$ cat structure-v5.pdb   # PDB, C-alpha atoms
ATOM      1  CA  MET A   1     -18.770  -7.655  16.926
ATOM      2  CA  LYS A   2     -16.181 -10.114  15.608
ATOM      3  CA  ALA A   3     -12.676  -8.713  15.268
ATOM      4  CA  ALA A   4      -9.120  -9.910  14.646
ATOM      5  CA  GLN A   5      -6.821  -8.543  17.320
ATOM      6  CA  VAL A   6      -3.041  -8.513  17.656
ATOM      7  CA  GLN A   7      -2.635  -8.560  21.416
ATOM      8  CA  ALA A   8       1.157  -8.343  21.411
ATOM      9  CA  PRO A   9       3.902  -9.027  18.853
ATOM     10  CA  GLY A  10       3.433 -12.580  17.593
ATOM     11  CA  ALA A  11       0.073 -13.105  19.325
ATOM     12  CA  ALA A  12      -3.193 -12.765  17.374
ATOM     13  CA  ARG A  13      -6.704 -14.163  17.754
ATOM     14  CA  ILE A  14     -10.362 -13.569  16.949
ATOM     15  CA  VAL A  15     -12.165 -11.682  19.728
ATOM     16  CA  GLU A  16     -15.595 -10.338  20.508
ATOM     17  CA  ALA A  17     -15.385  -6.552  20.784
ATOM     18  CA  ALA A  18     -17.877  -3.789  21.387
ATOM     19  CA  VAL A  19     -19.213  -2.012  18.298
ATOM     20  CA  PRO A  20     -17.668   1.484  18.326
ATOM     21  CA  GLU A  21     -19.992   4.390  19.092
ATOM     22  CA  PRO A  22     -19.743   7.290  16.600
ATOM     23  CA  GLY A  23     -18.763  10.638  18.042
ATOM     24  CA  PRO A  24     -20.332  13.806  16.590
ATOM     25  CA  GLY A  25     -18.101  13.818  13.485
ATOM     26  CA  ASP A  26     -17.557  10.091  13.037
ATOM     27  CA  VAL A  27     -18.752   7.550  10.481
ATOM     28  CA  LEU A  28     -19.281   3.926  11.503
ATOM     29  CA  ILE A  29     -18.494   1.628   8.574
ATOM     30  CA  ALA A  30     -19.703  -1.964   8.319
ATOM     31  CA  VAL A  31     -16.634  -3.560   6.744
ATOM     32  CA  ARG A  32     -17.155  -5.746   3.685
ATOM     33  CA  ALA A  33     -13.563  -6.255   2.431
ATOM     34  CA  ALA A  34     -10.201  -5.718   4.108
ATOM     35  CA  GLY A  35      -6.733  -6.486   2.768
ATOM     36  CA  ILE A  36      -3.494  -7.477   4.454
ATOM     37  CA  CYS A  37      -0.617  -5.051   3.922
ATOM     38  CA  GLY A  38       3.059  -5.574   4.641
ATOM     39  CA  THR A  39       2.572  -3.070   7.457
ATOM     40  CA  ASP A  40       0.083  -5.460   9.095
ATOM     41  CA  LEU A  41       2.765  -8.141   9.044
ATOM     42  CA  HIS A  42       5.239  -5.701  10.600
ATOM     43  CA  ILE A  43       2.648  -4.946  13.306
ATOM     44  CA  PHE A  44       2.164  -8.663  13.955
ATOM     45  CA  HIS A  45       5.916  -9.107  14.354
ATOM     46  CA  GLY A  46       6.376  -5.984  16.499
ATOM     47  CA  GLN A  47       8.325  -4.146  13.789
ATOM     48  CA  TYR A  48       6.125  -1.080  13.447
ATOM     49  CA  GLU A  49       4.849   1.860  15.476
ATOM     50  CA  ALA A  50       1.645   0.196  16.662
ATOM     51  CA  THR A  51      -0.217   0.478  19.958
ATOM     52  CA  TYR A  52      -1.070  -2.957  21.419
ATOM     53  CA  PRO A  53      -3.531  -4.540  21.693
ATOM     54  CA  VAL A  54      -4.832  -3.388  18.325
ATOM     55  CA  ILE A  55      -7.266  -4.492  15.659
ATOM     56  CA  PRO A  56      -5.153  -3.984  12.498
ATOM     57  CA  GLY A  57      -6.418  -3.367   8.998
ATOM     58  CA  HIS A  58      -6.105  -0.084   7.116
ATOM     59  CA  GLU A  59      -7.099  -1.226   3.594
ATOM     60  CA  PHE A  60     -10.868  -1.662   3.699
ATOM     61  CA  SER A  61     -14.231  -0.769   2.226
ATOM     62  CA  GLY A  62     -17.802  -1.205   3.315
ATOM     63  CA  VAL A  63     -21.177   0.369   3.952
ATOM     64  CA  VAL A  64     -21.991   3.267   6.254
ATOM     65  CA  ALA A  65     -23.825   1.814   9.259
ATOM     66  CA  ALA A  66     -24.279   4.948  11.373
ATOM     67  CA  THR A  67     -23.112   8.548  11.582
ATOM     68  CA  GLY A  68     -22.523  11.128  14.269
ATOM     69  CA  ARG A  69     -24.909  14.070  14.590
ATOM     70  CA  GLU A  70     -22.518  16.508  12.850
ATOM     71  CA  VAL A  71     -21.865  14.322   9.777
ATOM     72  CA  VAL A  72     -23.362  15.879   6.644
ATOM     73  CA  ARG A  73     -21.850  14.058   3.647
ATOM     74  CA  PHE A  74     -22.795  10.472   4.409
ATOM     75  CA  ARG A  75     -25.815   8.480   5.493
ATOM     76  CA  PRO A  76     -26.428   4.804   6.309
ATOM     77  CA  GLY A  77     -26.213   2.595   3.229
ATOM     78  CA  ASP A  78     -23.555   4.610   1.404
ATOM     79  CA  ARG A  79     -20.736   2.532  -0.114
ATOM     80  CA  VAL A  80     -17.385   3.908   1.040
ATOM     81  CA  THR A  81     -13.696   3.466   1.734
ATOM     82  CA  ALA A  82     -11.496   5.503   4.065
ATOM     83  CA  ASP A  83      -8.070   7.071   4.367
ATOM     84  CA  PRO A  84      -6.699   5.531   7.574
ATOM     85  CA  ASN A  85      -4.323   8.416   8.346
ATOM     86  CA  ILE A  86      -5.631  10.995  10.816
ATOM     87  CA  PRO A  87      -3.406  14.095  11.069
ATOM     88  CA  CYS A  88      -3.801  16.584  13.892
ATOM     89  CA  GLY A  89      -4.325  19.591  11.583
ATOM     90  CA  ARG A  90      -2.391  21.841  13.975
ATOM     91  CA  CYS A  91       1.323  20.997  13.836
ATOM     92  CA  VAL A  92       3.799  22.750  11.541
ATOM     93  CA  PHE A  93       3.688  19.935   8.958
ATOM     94  CA  CYS A  94      -0.108  19.931   8.779
ATOM     95  CA  GLN A  95       0.005  23.717   8.394
ATOM     96  CA  ARG A  96       2.439  23.236   5.496
ATOM     97  CA  ASN A  97      -0.077  20.853   3.832
ATOM     98  CA  GLU A  98       2.154  17.867   4.598
ATOM     99  CA  PRO A  99      -0.279  15.821   6.711
ATOM    100  CA  ASN A 100       1.493  12.503   6.150
ATOM    101  CA  GLN A 101       4.376  13.973   8.187
ATOM    102  CA  CYS A 102       2.083  15.109  11.021
ATOM    103  CA  GLN A 103       3.893  15.129  14.364
ATOM    104  CA  SER A 104       0.870  13.527  16.048
ATOM    105  CA  LEU A 105      -0.289  11.292  13.204
ATOM    106  CA  ALA A 106      -2.844   8.678  14.223
ATOM    107  CA  ALA A 107      -3.727   5.779  11.953
ATOM    108  CA  VAL A 108      -6.710   3.453  11.797
ATOM    109  CA  GLY A 109      -5.400  -0.083  12.233
ATOM    110  CA  VAL A 110      -2.112   1.082  13.745
ATOM    111  CA  THR A 111      -2.614   3.477  16.664
ATOM    112  CA  ARG A 112      -6.369   2.834  16.875
ATOM    113  CA  ASP A 113      -8.570  -0.107  15.945
ATOM    114  CA  GLY A 114      -8.919  -0.827  12.257
ATOM    115  CA  GLY A 115     -10.736  -2.732   9.569
ATOM    116  CA  PHE A 116     -10.150  -6.382  10.459
ATOM    117  CA  ALA A 117     -13.492  -6.283  12.231
ATOM    118  CA  GLN A 118     -17.160  -6.130  11.389
ATOM    119  CA  TYR A 119     -17.208  -2.398  12.116
ATOM    120  CA  VAL A 120     -14.636   0.386  12.067
ATOM    121  CA  LEU A 121     -14.936   4.016  13.158
ATOM    122  CA  VAL A 122     -13.460   6.789  10.991
ATOM    123  CA  PRO A 123     -13.718  10.615  11.016
ATOM    124  CA  GLU A 124     -16.008  11.959   8.306
ATOM    125  CA  GLY A 125     -13.171  13.823   6.599
ATOM    126  CA  ASN A 126     -11.389  10.523   5.973
ATOM    127  CA  VAL A 127     -14.331   8.811   4.260
ATOM    128  CA  PHE A 128     -14.715   8.607   0.459
ATOM    129  CA  PRO A 129     -17.664   7.375  -1.638
ATOM    130  CA  ILE A 130     -16.914   4.521  -4.034
ATOM    131  CA  GLY A 131     -20.163   4.393  -5.987
ATOM    132  CA  SER A 132     -20.634   0.980  -7.595
ATOM    133  CA  LEU A 133     -16.985  -0.049  -7.284
ATOM    134  CA  PRO A 134     -16.884  -3.633  -5.936
ATOM    135  CA  PHE A 135     -15.827  -3.817  -2.295
ATOM    136  CA  ASP A 136     -12.803  -6.027  -2.950
ATOM    137  CA  GLU A 137     -11.432  -3.578  -5.521
ATOM    138  CA  ALA A 138     -12.234  -0.601  -3.299
ATOM    139  CA  ALA A 139     -10.119  -2.175  -0.543
ATOM    140  CA  LEU A 140      -7.130  -1.598  -2.863
ATOM    141  CA  VAL A 141      -7.723   2.154  -3.019
ATOM    142  CA  GLU A 142      -5.476   2.791  -0.002
ATOM    143  CA  PRO A 143      -2.394   0.945  -1.347
ATOM    144  CA  LEU A 144      -2.860   2.612  -4.727
ATOM    145  CA  ALA A 145      -3.105   5.994  -2.987
ATOM    146  CA  CYS A 146       0.351   5.281  -1.526
ATOM    147  CA  VAL A 147       1.613   4.628  -5.053
ATOM    148  CA  VAL A 148       0.005   7.815  -6.379
ATOM    149  CA  TRP A 149       1.686   9.886  -3.663
ATOM    150  CA  GLY A 150       5.047   8.334  -4.525
ATOM    151  CA  LEU A 151       4.372   8.962  -8.217
ATOM    152  CA  LYS A 152       3.880  12.640  -7.471
ATOM    153  CA  ARG A 153       7.166  12.640  -5.580
ATOM    154  CA  ILE A 154       9.225  10.780  -8.192
ATOM    155  CA  GLN A 155       7.698  12.581 -11.215
ATOM    156  CA  VAL A 156       7.984   9.960 -13.934
ATOM    157  CA  GLN A 157       8.364  11.724 -17.272
ATOM    158  CA  PRO A 158       6.853  10.715 -20.638
ATOM    159  CA  GLY A 159       9.161   8.219 -22.317
ATOM    160  CA  ASP A 160      10.997   7.220 -19.133
ATOM    161  CA  SER A 161      12.380   3.746 -18.574
ATOM    162  CA  VAL A 162      11.473   2.264 -15.189
ATOM    163  CA  LEU A 163      12.872  -0.758 -13.371
ATOM    164  CA  ILE A 164      10.804  -2.212 -10.519
ATOM    165  CA  PHE A 165      12.220  -4.650  -7.984
ATOM    166  CA  GLY A 166       9.307  -6.744  -6.726
ATOM    167  CA  ALA A 167       6.245  -8.010  -8.621
ATOM    168  CA  GLY A 168       3.951  -8.355  -5.621
ATOM    169  CA  PRO A 169       0.700  -6.377  -5.366
ATOM    170  CA  MET A 170       2.500  -3.094  -4.645
ATOM    171  CA  GLY A 171       5.005  -3.618  -7.430
ATOM    172  CA  CYS A 172       2.167  -4.386  -9.847
ATOM    173  CA  LEU A 173       0.317  -1.246  -8.749
ATOM    174  CA  VAL A 174       3.504   0.762  -9.351
ATOM    175  CA  LEU A 175       3.816  -0.922 -12.749
ATOM    176  CA  GLN A 176       0.367   0.232 -13.832
ATOM    177  CA  ALA A 177       0.728   3.705 -12.339
ATOM    178  CA  VAL A 178       4.037   4.512 -14.037
ATOM    179  CA  GLN A 179       2.648   3.250 -17.334
ATOM    180  CA  HIS A 180      -0.301   5.606 -16.939
ATOM    181  CA  ALA A 181       2.140   8.425 -16.095
ATOM    182  CA  GLY A 182       3.854   7.961 -19.453
ATOM    183  CA  ALA A 183       6.728   5.530 -18.922
ATOM    184  CA  ALA A 184       7.657   3.971 -22.250
ATOM    185  CA  THR A 185       9.436   0.924 -20.840
ATOM    186  CA  VAL A 186       8.685  -0.808 -17.556
ATOM    187  CA  VAL A 187      10.877  -3.750 -16.558
ATOM    188  CA  ILE A 188      10.017  -5.746 -13.436
ATOM    189  CA  THR A 189      11.995  -8.425 -11.628
ATOM    190  CA  ASP A 190      11.026 -10.939  -8.966
ATOM    191  CA  PRO A 191      12.155 -14.400  -7.808
ATOM    192  CA  VAL A 192       8.648 -15.873  -8.223
ATOM    193  CA  GLY A 193       7.743 -16.842 -11.773
ATOM    194  CA  TRP A 194       4.002 -16.791 -11.102
ATOM    195  CA  ARG A 195       4.182 -13.155 -10.030
ATOM    196  CA  LEU A 196       6.113 -12.274 -13.156
ATOM    197  CA  GLU A 197       3.323 -13.847 -15.197
ATOM    198  CA  GLN A 198       0.820 -11.548 -13.492
ATOM    199  CA  ALA A 199       3.049  -8.548 -14.176
ATOM    200  CA  ALA A 200       3.327  -9.511 -17.842
ATOM    201  CA  ALA A 201      -0.453  -9.772 -18.092
ATOM    202  CA  LEU A 202      -0.695  -6.252 -16.615
ATOM    203  CA  GLY A 203       1.546  -4.858 -19.334
ATOM    204  CA  ALA A 204       5.155  -5.059 -18.156
ATOM    205  CA  SER A 205       7.560  -4.507 -21.064
ATOM    206  CA  GLU A 206       9.931  -7.177 -19.757
ATOM    207  CA  THR A 207       9.824  -9.581 -16.810
ATOM    208  CA  ILE A 208      13.156 -10.800 -15.467
ATOM    209  CA  PRO A 209      13.569 -13.629 -12.938
ATOM    210  CA  ALA A 210      15.695 -12.700  -9.923
ATOM    211  CA  ASP A 211      18.292 -15.411 -10.477
ATOM    212  CA  ASP A 212      21.998 -15.597 -11.267
ATOM    213  CA  ARG A 213      21.359 -14.109 -14.736
ATOM    214  CA  GLN A 214      19.366 -11.130 -13.450
ATOM    215  CA  GLU A 215      22.182  -8.566 -13.513
ATOM    216  CA  ARG A 216      23.297  -9.400 -17.028
ATOM    217  CA  ARG A 217      19.760  -9.343 -18.416
ATOM    218  CA  LEU A 218      18.756  -6.107 -16.690
ATOM    219  CA  LYS A 219      21.885  -4.304 -17.885
ATOM    220  CA  ALA A 220      21.461  -5.640 -21.410
ATOM    221  CA  LEU A 221      18.017  -4.013 -21.554
ATOM    222  CA  ALA A 222      19.371  -0.627 -20.426
ATOM    223  CA  PRO A 223      23.156  -0.441 -20.827
ATOM    224  CA  LEU A 224      23.263   3.182 -19.614
ATOM    225  CA  GLY A 225      20.824   2.539 -16.778
ATOM    226  CA  TYR A 226      17.129   3.219 -16.125
ATOM    227  CA  ASP A 227      15.571   6.641 -15.610
ATOM    228  CA  VAL A 228      13.755   5.461 -12.476
ATOM    229  CA  VAL A 229      14.544   2.432 -10.301
ATOM    230  CA  VAL A 230      11.944   1.419  -7.724
ATOM    231  CA  ASP A 231      12.336  -0.845  -4.730
ATOM    232  CA  ALA A 232       8.912  -2.358  -3.990
ATOM    233  CA  THR A 233      10.264  -5.194  -1.829
ATOM    234  CA  GLY A 234      11.186  -3.544   1.461
ATOM    235  CA  LEU A 235      14.387  -5.611   1.522
ATOM    236  CA  THR A 236      17.543  -3.619   2.242
ATOM    237  CA  ARG A 237      19.703  -6.030   0.225
ATOM    238  CA  VAL A 238      17.502  -5.351  -2.806
ATOM    239  CA  LEU A 239      17.452  -1.584  -2.294
ATOM    240  CA  GLU A 240      21.240  -1.594  -2.218
ATOM    241  CA  GLN A 241      21.258  -2.972  -5.775
ATOM    242  CA  ALA A 242      19.125  -0.138  -7.159
ATOM    243  CA  PHE A 243      21.952   2.382  -7.518
ATOM    244  CA  ALA A 244      23.915   0.203  -9.934
ATOM    245  CA  TYR A 245      20.982   0.136 -12.385
ATOM    246  CA  THR A 246      20.183   3.869 -12.309
ATOM    247  CA  ARG A 247      21.401   6.046 -15.174
ATOM    248  CA  PRO A 248      23.298   9.289 -14.555
ATOM    249  CA  ARG A 249      20.751  11.946 -13.486
ATOM    250  CA  GLY A 250      18.330   9.112 -12.702
ATOM    251  CA  LYS A 251      16.150   8.539  -9.647
ATOM    252  CA  VAL A 252      15.926   5.835  -6.977
ATOM    253  CA  TRP A 253      12.463   5.510  -5.429
ATOM    254  CA  VAL A 254      12.491   4.035  -1.920
ATOM    255  CA  PHE A 255       8.932   2.684  -1.818
ATOM    256  CA  GLY A 256       9.096  -0.695  -0.067
ATOM    257  CA  VAL A 257       8.884  -0.585   3.740
ATOM    258  CA  CYS A 258      12.137  -1.800   5.291
ATOM    259  CA  PRO A 259      11.924  -2.610   9.020
ATOM    260  CA  PRO A 260      12.721   0.445  11.197
ATOM    261  CA  GLY A 261      16.354   0.474  12.276
ATOM    262  CA  GLU A 262      17.678  -1.581   9.374
ATOM    263  CA  ARG A 263      20.552   0.008   7.483
ATOM    264  CA  ALA A 264      21.325  -0.096   3.772
ATOM    265  CA  SER A 265      24.728   0.647   2.263
ATOM    266  CA  PHE A 266      25.458   2.684  -0.832
ATOM    267  CA  ILE A 267      28.459   4.446  -2.302
ATOM    268  CA  PRO A 268      28.114   8.208  -1.724
ATOM    269  CA  TYR A 269      30.578   8.976  -4.513
ATOM    270  CA  GLU A 270      28.307   7.146  -6.971
ATOM    271  CA  VAL A 271      25.350   9.309  -5.945
ATOM    272  CA  PHE A 272      27.540  12.417  -6.250
ATOM    273  CA  ARG A 273      29.187  11.504  -9.542
ATOM    274  CA  LYS A 274      25.998  10.361 -11.276
ATOM    275  CA  ASP A 275      23.829  13.252 -10.038
ATOM    276  CA  LEU A 276      21.394  10.704  -8.593
ATOM    277  CA  THR A 277      18.179  11.621  -6.814
ATOM    278  CA  ILE A 278      16.940   9.426  -3.954
ATOM    279  CA  VAL A 279      13.222   9.836  -3.259
ATOM    280  CA  GLY A 280      11.240   8.383  -0.374
ATOM    281  CA  SER A 281       7.452   8.315  -0.191
ATOM    282  CA  PHE A 282       5.517   7.604   2.991
ATOM    283  CA  ALA A 283       1.860   6.573   3.130
ATOM    284  CA  VAL A 284      -0.630   8.827   1.348
ATOM    285  CA  ASN A 285      -0.990  12.579   1.042
ATOM    286  CA  ARG A 286      -4.482  13.512  -0.109
ATOM    287  CA  THR A 287      -4.334  11.020  -2.972
ATOM    288  CA  PHE A 288      -7.477   8.962  -2.372
ATOM    289  CA  GLN A 289      -9.591  10.720  -4.999
ATOM    290  CA  GLU A 290      -7.019  10.041  -7.724
ATOM    291  CA  SER A 291      -6.721   6.421  -6.626
ATOM    292  CA  ILE A 292     -10.481   5.864  -6.736
ATOM    293  CA  ALA A 293     -10.646   7.451 -10.190
ATOM    294  CA  LEU A 294      -7.842   5.253 -11.532
ATOM    295  CA  ILE A 295      -9.571   2.050 -10.402
ATOM    296  CA  GLN A 296     -13.041   3.176 -11.488
ATOM    297  CA  SER A 297     -11.720   4.068 -14.955
ATOM    298  CA  ARG A 298      -9.832   0.737 -15.203
ATOM    299  CA  LYS A 299      -6.603   2.620 -15.879
ATOM    300  CA  VAL A 300      -5.390   0.529 -12.944
ATOM    301  CA  ARG A 301      -6.725  -3.022 -12.756
ATOM    302  CA  ALA A 302      -7.224  -4.062  -9.145
ATOM    303  CA  ARG A 303      -9.039  -7.393  -9.423
ATOM    304  CA  PRO A 304      -6.073  -9.396 -10.843
ATOM    305  CA  LEU A 305      -4.057  -8.447  -7.757
ATOM    306  CA  ILE A 306      -6.369 -10.289  -5.349
ATOM    307  CA  SER A 307      -5.109 -13.841  -4.989
ATOM    308  CA  HIS A 308      -6.840 -15.017  -1.807
ATOM    309  CA  THR A 309     -10.157 -14.174  -0.156
ATOM    310  CA  LEU A 310     -10.784 -15.640   3.298
ATOM    311  CA  PRO A 311     -13.363 -15.274   6.059
ATOM    312  CA  LEU A 312     -12.201 -13.131   8.985
ATOM    313  CA  ASP A 313     -12.198 -16.247  11.201
ATOM    314  CA  GLU A 314      -9.102 -17.356   9.279
ATOM    315  CA  PHE A 315      -7.107 -14.257  10.233
ATOM    316  CA  VAL A 316      -3.996 -16.090  11.424
ATOM    317  CA  ARG A 317      -3.983 -18.269   8.301
ATOM    318  CA  GLY A 318      -4.322 -15.135   6.206
ATOM    319  CA  LEU A 319      -1.243 -13.621   7.835
ATOM    320  CA  ASP A 320       0.694 -16.790   7.101
ATOM    321  CA  LEU A 321      -0.428 -16.810   3.455
ATOM    322  CA  ALA A 322       0.442 -13.141   3.020
ATOM    323  CA  GLU A 323       3.936 -13.717   4.357
ATOM    324  CA  HIS A 324       4.888 -17.140   3.011
ATOM    325  CA  ASP A 325       2.744 -18.387   0.117
ATOM    326  CA  PRO A 326       4.854 -18.019  -3.066
ATOM    327  CA  GLN A 327       1.706 -17.617  -5.151
ATOM    328  CA  ARG A 328       0.079 -14.878  -3.115
ATOM    329  CA  MET A 329      -0.648 -11.378  -4.232
ATOM    330  CA  LYS A 330      -3.147  -9.444  -2.131
ATOM    331  CA  VAL A 331      -4.772 -11.507   0.629
ATOM    332  CA  GLN A 332      -8.178 -10.140   1.633
ATOM    333  CA  PHE A 333     -10.861 -10.935   4.165
ATOM    334  CA  ALA A 334     -14.504 -10.911   3.164
ATOM    335  CA  VAL A 335     -16.267  -9.551   6.236
ATOM    336  CA  SER A 336     -19.962 -10.182   6.723
ATOM    337  CA  GLY A 337     -22.421  -8.268   8.868
ATOM    338  CA  ASP A 338     -24.019  -9.466  12.079
TER     339      ASP A 338
END
$ encode --input "structure-v5.pdb" --output "structure tokens"
Amino acid sequence: MKAAQVQAPGAARIVEAAVPEPGPGDVLIAVRAAGICGTDLHIFHGQYEATYPVIPGHEFSGVVAATGREVVRFRPGDRVTADPNIPCGRCVFCQRNEPNQCQSLAAVGVTRDGGFAQYVLVPEGNVFPIGSLPFDEAALVEPLACVVWGLKRIQVQPGDSVLIFGAGPMGCLVLQAVQHAGAATVVITDPVGWRLEQAAALGASETIPADDRQERRLKALAPLGYDVVVDATGLTRVLEQAFAYTRPRGKVWVFGVCPPGERASFIPYEVFRKDLTIVGSFAVNRTFQESIALIQSRKVRARPLISHTLPLDEFVRGLDLAEHDPQRMKVQFAVSGD
């Protein structure tokens, strides 16, 4: 099969790989759509906990091609997506129903081969039916499931005001999710005007360019601060700004993925004096069903977030677009069968 492989940090190419053989409880998925995540870029640059060489790709959808003998819920031809996170089910965190903190967590596209290939192998328990949902939209179920898990952690309340740093695909998913959760005002800021236009079309209350007038305009909209401030950029210098915009008793949601080892500075007294809550959210935690339902119901619009669709042969170009093109949102690969 054709696959895109990162052989070592900074080195990627298209390879011919063997089609995986399903074990007794495995589902073999013929991939039809797969999206590039910021984590894939971190893997390419050697900034994440990947095992090399690896076929990345953990946001994907496709058709069941084959199943192991013990699989009961799926059969060839079913349209599906998959949760890429594979917890051990035995450690103390799994026993506490906290599988995203599993001490032996494996991940499709990170510690084992993923969806930037014609076929990917996933345990049956990680596979979800998508019905008639288009494959490109279904490939956004995984990133939305990350948002839904964070939403459960941050607990947006009806009537809340929310400020989002970053109007990329994740920021725009957060925008729609917090609106659905009951936020009355959602302000989003980004240095790219085109992205702000997309956010406005998706219902942002206000869109603010990240320029030399940003601070004044954001504070004018909420002089006492915002109930929830979200970093969806993964930039430590942006996260550091969040505290200044959060109201007393407000919450800072650390959602963007900063490179491991990077440090951000904040003023502990400010957190103490303002009764601030800092909330992190990692990956997903049994939130795929909710994510699928939100996209199927059109409560969250996925299609406007797809800016580029490329053949898998253009993997390296896709990485470059996802990292550098100022008018990119979600970059996806359309993967064909044999």
$ closest_residue --input "structure-v5.pdb" --among "A:Val187, A:Ala34, A:Ala11, A:Leu224" --to "A:His308" --atoms "only C-alpha atoms"
A:Ala34
$ resolve_selection --input "structure-v5.pdb" --expression "the PyMOL selection byres ((chain A and resi 15) around 12)" --output "count of residues only"
22
$ closest_residue --input "structure-v5.pdb" --among "A:Cys172, A:Ala293, A:Ala200, A:Val127" --to "A:Val72" --atoms "all atoms listed in the file"
A:Val127
$ residues_around --input "structure-v5.pdb" --residues "stretch 78-84 of chain A" --least-positions-apart "3" --cutoff "7 Å" --atoms "all atoms listed in the file" --output "PyMOL selection string"
chain A and resi 58+60-64+74-75+107-108+126-131+138+142
$ write_last_selection --input "structure-v5.pdb" --atoms "C-alpha atoms" --output "tab-separated table (two decimals), keeping the file's coordinate frame"
chain	number	residue	atom	x	y	z
A	58	HIS	CA	-6.10	-0.08	7.12
A	60	PHE	CA	-10.87	-1.66	3.70
A	61	SER	CA	-14.23	-0.77	2.23
A	62	GLY	CA	-17.80	-1.20	3.32
A	63	VAL	CA	-21.18	0.37	3.95
A	64	VAL	CA	-21.99	3.27	6.25
A	74	PHE	CA	-22.80	10.47	4.41
A	75	ARG	CA	-25.82	8.48	5.49
A	107	ALA	CA	-3.73	5.78	11.95
A	108	VAL	CA	-6.71	3.45	11.80
A	126	ASN	CA	-11.39	10.52	5.97
A	127	VAL	CA	-14.33	8.81	4.26
A	128	PHE	CA	-14.72	8.61	0.46
A	129	PRO	CA	-17.66	7.38	-1.64
A	130	ILE	CA	-16.91	4.52	-4.03
A	131	GLY	CA	-20.16	4.39	-5.99
A	138	ALA	CA	-12.23	-0.60	-3.30
A	142	GLU	CA	-5.48	2.79	0.00
$ residues_around --input "structure-v5.pdb" --residues "A:Glu215" --least-positions-apart "4" --cutoff "12 Å" --atoms "only C-alpha atoms" --output "PyMOL selection string"
chain A and resi 189+208-211+219-223+225+241-242+244-245
$ closest_residue --input "structure-v5.pdb" --among "A:Glu137, A:Glu240, A:Asp26, A:Glu206" --to "A:Glu59" --atoms "only C-alpha atoms"
A:Glu137
$ build_atoms --input "structure-v5.pdb" --residues "stretch 148-159 of chain A" --atoms "N, CA and C atoms" --output "PDB file, keeping the file's coordinate frame"
ATOM      1  N   VAL A 148       0.248   6.525  -5.730  1.00  0.00           N
ATOM      2  CA  VAL A 148       0.005   7.815  -6.379  1.00  0.00           C
ATOM      3  C   VAL A 148       0.804   8.922  -5.694  1.00  0.00           C
ATOM      4  N   TRP A 149       0.883   8.879  -4.360  1.00  0.00           N
ATOM      5  CA  TRP A 149       1.686   9.886  -3.663  1.00  0.00           C
ATOM      6  C   TRP A 149       3.162   9.749  -4.060  1.00  0.00           C
ATOM      7  N   GLY A 150       3.668   8.533  -4.094  1.00  0.00           N
ATOM      8  CA  GLY A 150       5.047   8.334  -4.525  1.00  0.00           C
ATOM      9  C   GLY A 150       5.266   8.781  -5.962  1.00  0.00           C
ATOM     10  N   LEU A 151       4.272   8.556  -6.815  1.00  0.00           N
ATOM     11  CA  LEU A 151       4.372   8.962  -8.217  1.00  0.00           C
ATOM     12  C   LEU A 151       4.493  10.477  -8.324  1.00  0.00           C
ATOM     13  N   LYS A 152       3.764  11.174  -7.482  1.00  0.00           N
ATOM     14  CA  LYS A 152       3.880  12.640  -7.471  1.00  0.00           C
ATOM     15  C   LYS A 152       5.261  13.073  -6.997  1.00  0.00           C
ATOM     16  N   ARG A 153       5.834  12.312  -6.090  1.00  0.00           N
ATOM     17  CA  ARG A 153       7.166  12.640  -5.580  1.00  0.00           C
ATOM     18  C   ARG A 153       8.258  12.338  -6.622  1.00  0.00           C
ATOM     19  N   ILE A 154       8.150  11.212  -7.302  1.00  0.00           N
ATOM     20  CA  ILE A 154       9.225  10.780  -8.192  1.00  0.00           C
ATOM     21  C   ILE A 154       9.138  11.448  -9.562  1.00  0.00           C
ATOM     22  N   GLN A 155       7.914  11.843  -9.964  1.00  0.00           N
ATOM     23  CA  GLN A 155       7.698  12.581 -11.215  1.00  0.00           C
ATOM     24  C   GLN A 155       8.250  11.843 -12.439  1.00  0.00           C
ATOM     25  N   VAL A 156       7.668  10.689 -12.697  1.00  0.00           N
ATOM     26  CA  VAL A 156       7.984   9.960 -13.934  1.00  0.00           C
ATOM     27  C   VAL A 156       7.640  10.846 -15.124  1.00  0.00           C
ATOM     28  N   GLN A 157       8.556  10.890 -16.089  1.00  0.00           N
ATOM     29  CA  GLN A 157       8.364  11.724 -17.272  1.00  0.00           C
ATOM     30  C   GLN A 157       7.948  10.873 -18.474  1.00  0.00           C
ATOM     31  N   PRO A 158       7.211  11.464 -19.426  1.00  0.00           N
ATOM     32  CA  PRO A 158       6.853  10.715 -20.638  1.00  0.00           C
ATOM     33  C   PRO A 158       8.094  10.159 -21.327  1.00  0.00           C
ATOM     34  N   GLY A 159       8.046   8.866 -21.643  1.00  0.00           N
ATOM     35  CA  GLY A 159       9.161   8.219 -22.317  1.00  0.00           C
ATOM     36  C   GLY A 159      10.188   7.604 -21.392  1.00  0.00           C
TER      37      GLY A 159
END
